[in-house]
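**Q** There's a structure below that I have some questions on.
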Amino acid sequence: MKKTKLYKLFSTLSARELNNWEAFLNSPFMNRRKDVITLLNFMINERKKKNPNYDNETVFALLYPNEQYDSRKIDMTISRLYRLGEKYLAYKQIEKNEYLLKMNTAKAYKELKMKTEYQKMINDAQKALENTPCRNADYLHKEYSISYDQISFLKVKEIYDKVNVQEMVNKFDAYYFANKLKLACHILSHKAIMYSQIDKGLLSELIVFLEKDEKYLREQAVAIYYNLYKIYYYMHECGGDLAIMLALAEENYLNLKELYPYAQENFYPYEKKGVFTSMLNFCIKKSNNDQTKSGKYQRELFDWYRLGLDEGHVLEDGFIRFSTFGNIVSLSLKLNELNWAEYFVNEYKSRIEYNEDSNYLINYSYARIFYHEKKYKEVLSKLDPQPRKNFNLNTRMRILILQAEYELKDECDIRNTKNYINTHRKAFIKKARKAFIEENREVYMEKYVEDYEEKLEEDFTKKHGEVKPPKYVFFDNFLDVFKDLDDSRYDKSKRLALLVKVQNTKDIFDKEWLIDKLS
């Protein structure tokens, strides 16, 4: 039974939900078969045991004690209980949705041609809708549905007394526009996978229409998805220089920032998170691409992270991603928000997604805070230079040790860190070479026959050069400068030459720190 859909459904429900399901089955209107009730009771009682047994033959003997085992019969009983479980879930959804309950009742009255009762229930559905917290595209559709349902039942004369037809048309248009834009945003966010293969329908014409007649952009659900679409369009679809595209999208970002409180109050949770994530991603790209070095969007990004933590959008199933945790600490320290950085680490360290290096990241985060507070001995006490699985974290930790030793005027063991990076690089090259050869061996054997091994090696070297991916160059360049840093402490000309070298080096770790020390 454990492989059945019934068991999967059963195992996801809480004890309270199972009791409600049992009560649902005990209603003669919903179910008249005692065997399905007995089956559910058996499963509930069995779940309480230390070693539950859901064997089909055991269940059959309980349900049909005087019969020979029949696999088809027990399968049918399991299937019946599962279908009744689906009905129970559907009933729960209708029961908790007042609008849906009233609308379905109104439709029942319509079929019975009970006009007075129908109209009362339609009015109740309208009130129930007004009392719902959501004011998203779905809300627009429900408003339209109430009006349209009446048109199909009322006499022509009554329609104009009870239904604002123009408003109904506008609501439907707004509903369609919002959902079309929402769908376009979803597809654009997965552009690499599916966007280029999809016919966008009337999307281009819709954008032109909305920009020509801004009436519908006053409908906030439409405005949110319009501005969201424009941001996605500039960042993923438009092409061209990213800095220019981000500048073009800035007006839409600011519009969306103004509309954001509306989305948080009136959208479903998954929609709220989608809008938040888009705003966050725009600020990440903008701050990374900031040519002016103003730091404006770093501050914006910091504010979004704080808001996202308060609203739960940064968390996934109650946990925060390993990389996101580190990024938030980095950003806080860049903006000199030391108190908040410490609060964040204390508050969220127990909620980092499972990773064997989680404690390592926590200690590194505390050490970085200590460094900014100029508590260099505390920095060294927090850090353990032993290699870990995470290369980036391990290397950053080793460099922080060097920086703390530099501030304390201790001897800096740069060679140890260089050896660690070189060892990791060699392992990376070996792995990359192996993968390249395995992927291309058959093609090269056919094409080059006897010389295929030599050609594989040659093409691997051509493709990867010295195989110095950015992550290695990034740290190597820092260490090359760092080893000359101490020697130049009291030599102005050496410091100036070194400063120029750092400023002209594109890929270098902690460039700001080096410039600060050399200035």
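In the structure tokens, chains take letters A, B, ... by order of appearance, with residues numbered from 1 within each chain and ligands from 1 in the order shown.
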Based on the backbone DSSP call, show me all residues of segment 240-310 of chain A assigned alpha helix (DSSP H), as a PyMOL selection string.
**A** chain A and resi 242-266+269-288+296-310
**Q** Which residues come within 9 Å of Leu129 of chain A, counting only C-alpha atoms, excluding same-chain residues fewer than 5 positions away, as a list in words?
**A**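 In the requested form, the answer reads Glu98, Tyr99, Asp124, Cys134, Tyr139, Lys142 and Glu143 of chain A.
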**Q** Residues at most 6 Å from segment 271-276 of chain A, counting only C-alpha atoms, excluding those fewer than 4 positions away in the same chain, as an NGL selection string?
**A** :A and (264 or 267 or 313)
**Q** Ranking A:Asp510, A:Asp310, A:Glu95, A:Glu411 by minimum distance to Val481 of chain A and counting only C-alpha atoms, which one comes first?
**A**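 Of A:Asp510, A:Asp310, A:Glu95, A:Glu411, the one nearest Val481 of chain A, counting only C-alpha atoms, is A:Asp510.
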**Q** Between A:Tyr226, A:Phe29, A:Phe282, A:Tyr270, which residue has the minimum interatomic distance to Tyr253 of chain A, considering only C-alpha atoms?
**A** A:Phe282
**Q** For the interface of segment 375-412 of chain A with segment 322-336 of chain A (cut-off 12 Å, counting only C-alpha atoms), please tabulate each contacting residue of segment 375-412 of chain A alongside its nearest pair of atoms and their separation in Å to one decimal, rows sorted by chain and increasing number, as a Markdown table.
**A**
```
| residue | atom | partner | partner_atom | distance |
| --- | --- | --- | --- | --- |
| A:Asn390 | CA | A:Phe322 | CA | 10.9 |
| A:Asn392 | CA | A:Ser323 | CA | 10.7 |
| A:Leu393 | CA | A:Gly326 | CA | 9.3 |
| A:Arg396 | CA | A:Gly326 | CA | 11.4 |
```
**Q** As an mmCIF file with N, CA and C atoms, in the first residue's frame, please: every residue in segment 255-479 of chain A that DSSP puts in strand (DSSP E or B).
**A**
```
data_model
loop_
_atom_site.group_PDB
_atom_site.id
_atom_site.type_symbol
_atom_site.label_atom_id
_atom_site.label_comp_id
_atom_site.auth_asym_id
_atom_site.auth_seq_id
_atom_site.Cartn_x
_atom_site.Cartn_y
_atom_site.Cartn_z
ATOM 1 N N GLU A 316 13.290 30.112 2.415
ATOM 2 C CA GLU A 316 12.629 29.057 1.654
ATOM 3 C C GLU A 316 12.354 27.902 2.596
ATOM 4 N N PHE A 319 14.102 28.369 5.828
ATOM 5 C CA PHE A 319 15.563 28.400 5.861
ATOM 6 C C PHE A 319 16.117 29.397 4.852
ATOM 7 N N ILE A 320 17.337 29.867 5.132
ATOM 8 C CA ILE A 320 17.994 30.837 4.262
ATOM 9 C C ILE A 320 19.141 30.156 3.535
ATOM 10 N N ILE A 352 20.256 28.645 8.560
ATOM 11 C CA ILE A 352 20.961 28.427 7.298
ATOM 12 C C ILE A 352 20.601 27.035 6.793
#
```
**Q** What does the structure give for the distance between atom CA of Pro387 of chain A and atom CA of Ser365 of chain A, in Å to one decimal?
**A**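 We find that atom CA of Pro387 of chain A and atom CA of Ser365 of chain A lie 17.1 Å from each other.
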**Q** When you count only C-alpha atoms, which of these residues is closest to Arg47 of chain A: A:Arg83, A:Lys182, A:Lys501, A:Lys2?
**A** A:Lys2
**Q** Name the closest residue to Asp149 of chain A among the candidates A:Asn266, A:Asn53, A:Ser189, A:Gln119; distances are taken between atoms, counting only C-alpha atoms.
**A** A:Gln119
**Q** Please identify all polymer residues within 12 Å of segment 377-383 of chain A, counting only C-alpha atoms, omitting same-chain residues fewer than 5 positions from it, and present them as a PyMOL selection string.
**A** chain A and resi 359-372+393-410
**Q** Please identify all polymer residues within 12 Å of Leu206 of chain A, counting only C-alpha atoms, omitting same-chain residues fewer than 3 positions from it, and present them as a list in words.
**A**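 Those residues are Asp173, Ala174, Tyr176, Phe177, Ala178, Asn179, Lys180, Leu181, Ala184, Lys200, Gly201, Leu202, Leu203, Phe209, Leu210, Glu211, Lys212, Asp213, Glu214, Tyr216, Leu217, Val222, Tyr226 and Tyr229 of chain A.
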**Q** When you draw a straight line from atom CA of Lys49 of chain A to atom CA of Thr4 of chain A, how long is it in Å?
**A**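 Straight-line distance from atom CA of Lys49 of chain A to atom CA of Thr4 of chain A works out to 20.0 Å.
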**Q** Please provide as an mmCIF file with N, CA, C and O atoms, in the first residue's frame all residues within 12 Å of Met168 of chain A, with the sequence filter that same-chain residues fewer than 3 positions apart are discarded (counting only C-alpha atoms).
**A**
```
data_model
loop_
_atom_site.group_PDB
_atom_site.id
_atom_site.type_symbol
_atom_site.label_atom_id
_atom_site.label_comp_id
_atom_site.auth_asym_id
_atom_site.auth_seq_id
_atom_site.Cartn_x
_atom_site.Cartn_y
_atom_site.Cartn_z
ATOM 1 N N LEU A 140 -10.056 40.610 -10.130
ATOM 2 C CA LEU A 140 -10.692 41.257 -11.281
ATOM 3 C C LEU A 140 -11.567 40.259 -12.037
ATOM 4 O O LEU A 140 -12.663 40.595 -12.495
ATOM 5 N N HIS A 141 -11.070 39.037 -12.168
ATOM 6 C CA HIS A 141 -11.833 38.015 -12.881
ATOM 7 C C HIS A 141 -13.112 37.648 -12.123
ATOM 8 O O HIS A 141 -14.179 37.440 -12.727
ATOM 9 N N LYS A 142 -13.021 37.576 -10.810
ATOM 10 C CA LYS A 142 -14.206 37.242 -9.998
ATOM 11 C C LYS A 142 -15.257 38.346 -10.103
ATOM 12 O O LYS A 142 -16.461 38.074 -10.172
ATOM 13 N N GLU A 143 -14.801 39.603 -10.106
ATOM 14 C CA GLU A 143 -15.756 40.724 -10.280
ATOM 15 C C GLU A 143 -16.477 40.601 -11.616
ATOM 16 O O GLU A 143 -17.694 40.778 -11.703
ATOM 17 N N TYR A 144 -15.686 40.313 -12.649
ATOM 18 C CA TYR A 144 -16.268 40.139 -13.982
ATOM 19 C C TYR A 144 -17.256 38.966 -13.987
ATOM 20 O O TYR A 144 -18.361 39.069 -14.541
ATOM 21 N N SER A 145 -16.879 37.865 -13.342
ATOM 22 C CA SER A 145 -17.710 36.653 -13.346
ATOM 23 C C SER A 145 -19.079 36.903 -12.725
ATOM 24 O O SER A 145 -20.099 36.391 -13.207
ATOM 25 N N ILE A 146 -19.122 37.692 -11.650
ATOM 26 C CA ILE A 146 -20.401 38.013 -10.996
ATOM 27 C C ILE A 146 -21.319 38.748 -11.965
ATOM 28 O O ILE A 146 -22.505 38.412 -12.104
ATOM 29 N N SER A 147 -20.747 39.750 -12.662
ATOM 30 C CA SER A 147 -21.559 40.525 -13.617
ATOM 31 C C SER A 147 -22.016 39.661 -14.787
ATOM 32 O O SER A 147 -23.178 39.696 -15.186
ATOM 33 N N TYR A 148 -21.070 38.873 -15.322
ATOM 34 C CA TYR A 148 -21.410 38.061 -16.501
ATOM 35 C C TYR A 148 -22.454 37.003 -16.171
ATOM 36 O O TYR A 148 -23.350 36.717 -16.970
ATOM 37 N N ASP A 149 -22.368 36.424 -14.987
ATOM 38 C CA ASP A 149 -23.326 35.391 -14.584
ATOM 39 C C ASP A 149 -24.744 35.952 -14.554
ATOM 40 O O ASP A 149 -25.706 35.279 -14.940
ATOM 41 N N GLN A 150 -24.872 37.203 -14.123
ATOM 42 C CA GLN A 150 -26.205 37.818 -14.054
ATOM 43 C C GLN A 150 -26.767 38.075 -15.452
ATOM 44 O O GLN A 150 -27.965 37.888 -15.695
ATOM 45 N N ILE A 151 -25.897 38.482 -16.378
ATOM 46 C CA ILE A 151 -26.344 38.767 -17.746
ATOM 47 C C ILE A 151 -27.001 37.543 -18.379
ATOM 48 O O ILE A 151 -27.969 37.646 -19.128
ATOM 49 N N ILE A 159 -31.000 43.878 -16.828
ATOM 50 C CA ILE A 159 -29.532 43.901 -16.875
ATOM 51 C C ILE A 159 -28.995 45.282 -16.550
ATOM 52 O O ILE A 159 -28.087 45.454 -15.737
ATOM 53 N N TYR A 160 -29.589 46.309 -17.183
ATOM 54 C CA TYR A 160 -29.058 47.661 -17.016
ATOM 55 C C TYR A 160 -29.358 48.245 -15.640
ATOM 56 O O TYR A 160 -28.737 49.198 -15.215
ATOM 57 N N LYS A 162 -29.206 46.251 -12.858
ATOM 58 C CA LYS A 162 -28.415 45.508 -11.887
ATOM 59 C C LYS A 162 -26.944 45.353 -12.273
ATOM 60 O O LYS A 162 -26.115 45.002 -11.441
ATOM 61 N N VAL A 163 -26.586 45.551 -13.544
ATOM 62 C CA VAL A 163 -25.214 45.297 -14.005
ATOM 63 C C VAL A 163 -24.670 46.507 -14.743
ATOM 64 O O VAL A 163 -25.323 47.026 -15.649
ATOM 65 N N ASN A 164 -23.487 46.953 -14.355
ATOM 66 C CA ASN A 164 -22.783 47.995 -15.104
ATOM 67 C C ASN A 164 -21.960 47.287 -16.186
ATOM 68 O O ASN A 164 -20.867 46.779 -15.932
ATOM 69 N N VAL A 165 -22.541 47.237 -17.396
ATOM 70 C CA VAL A 165 -21.941 46.437 -18.468
ATOM 71 C C VAL A 165 -20.559 46.967 -18.855
ATOM 72 O O VAL A 165 -19.623 46.190 -19.082
ATOM 73 N N LYS A 171 -13.385 45.346 -16.466
ATOM 74 C CA LYS A 171 -12.804 44.399 -15.503
ATOM 75 C C LYS A 171 -12.229 43.184 -16.218
ATOM 76 O O LYS A 171 -11.170 42.683 -15.862
ATOM 77 N N PHE A 172 -12.966 42.713 -17.242
ATOM 78 C CA PHE A 172 -12.458 41.554 -17.981
ATOM 79 C C PHE A 172 -11.161 41.910 -18.707
ATOM 80 O O PHE A 172 -10.196 41.131 -18.703
ATOM 81 N N ASP A 173 -11.145 43.090 -19.338
ATOM 82 C CA ASP A 173 -9.930 43.524 -20.043
ATOM 83 C C ASP A 173 -8.755 43.623 -19.066
ATOM 84 O O ASP A 173 -7.639 43.161 -19.359
ATOM 85 N N ALA A 174 -9.005 44.234 -17.908
ATOM 86 C CA ALA A 174 -7.948 44.385 -16.904
ATOM 87 C C ALA A 174 -7.446 43.018 -16.432
ATOM 88 O O ALA A 174 -6.243 42.794 -16.264
ATOM 89 N N TYR A 175 -8.404 42.098 -16.235
ATOM 90 C CA TYR A 175 -8.043 40.734 -15.824
ATOM 91 C C TYR A 175 -7.152 40.084 -16.883
ATOM 92 O O TYR A 175 -6.116 39.483 -16.577
#
```
**Q** Excluding Leu248 of chain A and any residue of its chain fewer than 6 positions from it, enumerate the residues within 10 Å of it, using only C-alpha atoms, and give them as a PyMOL selection string.
**A** chain A and resi 230-231+234-235+242
**Q** For Lys102 of chain A, which of A:Ile122, A:Arg321, A:Phe428, A:Gln298 is the closest residue, counting only C-alpha atoms?
**A**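 The answer is A:Ile122, which sits nearest to Lys102 of chain A.
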**Q** Which is closest to Leu81 of chain A among A:Tyr64, A:Leu100, A:Asp55, A:Trp21, if we use only C-alpha atoms?
**A** A:Trp21
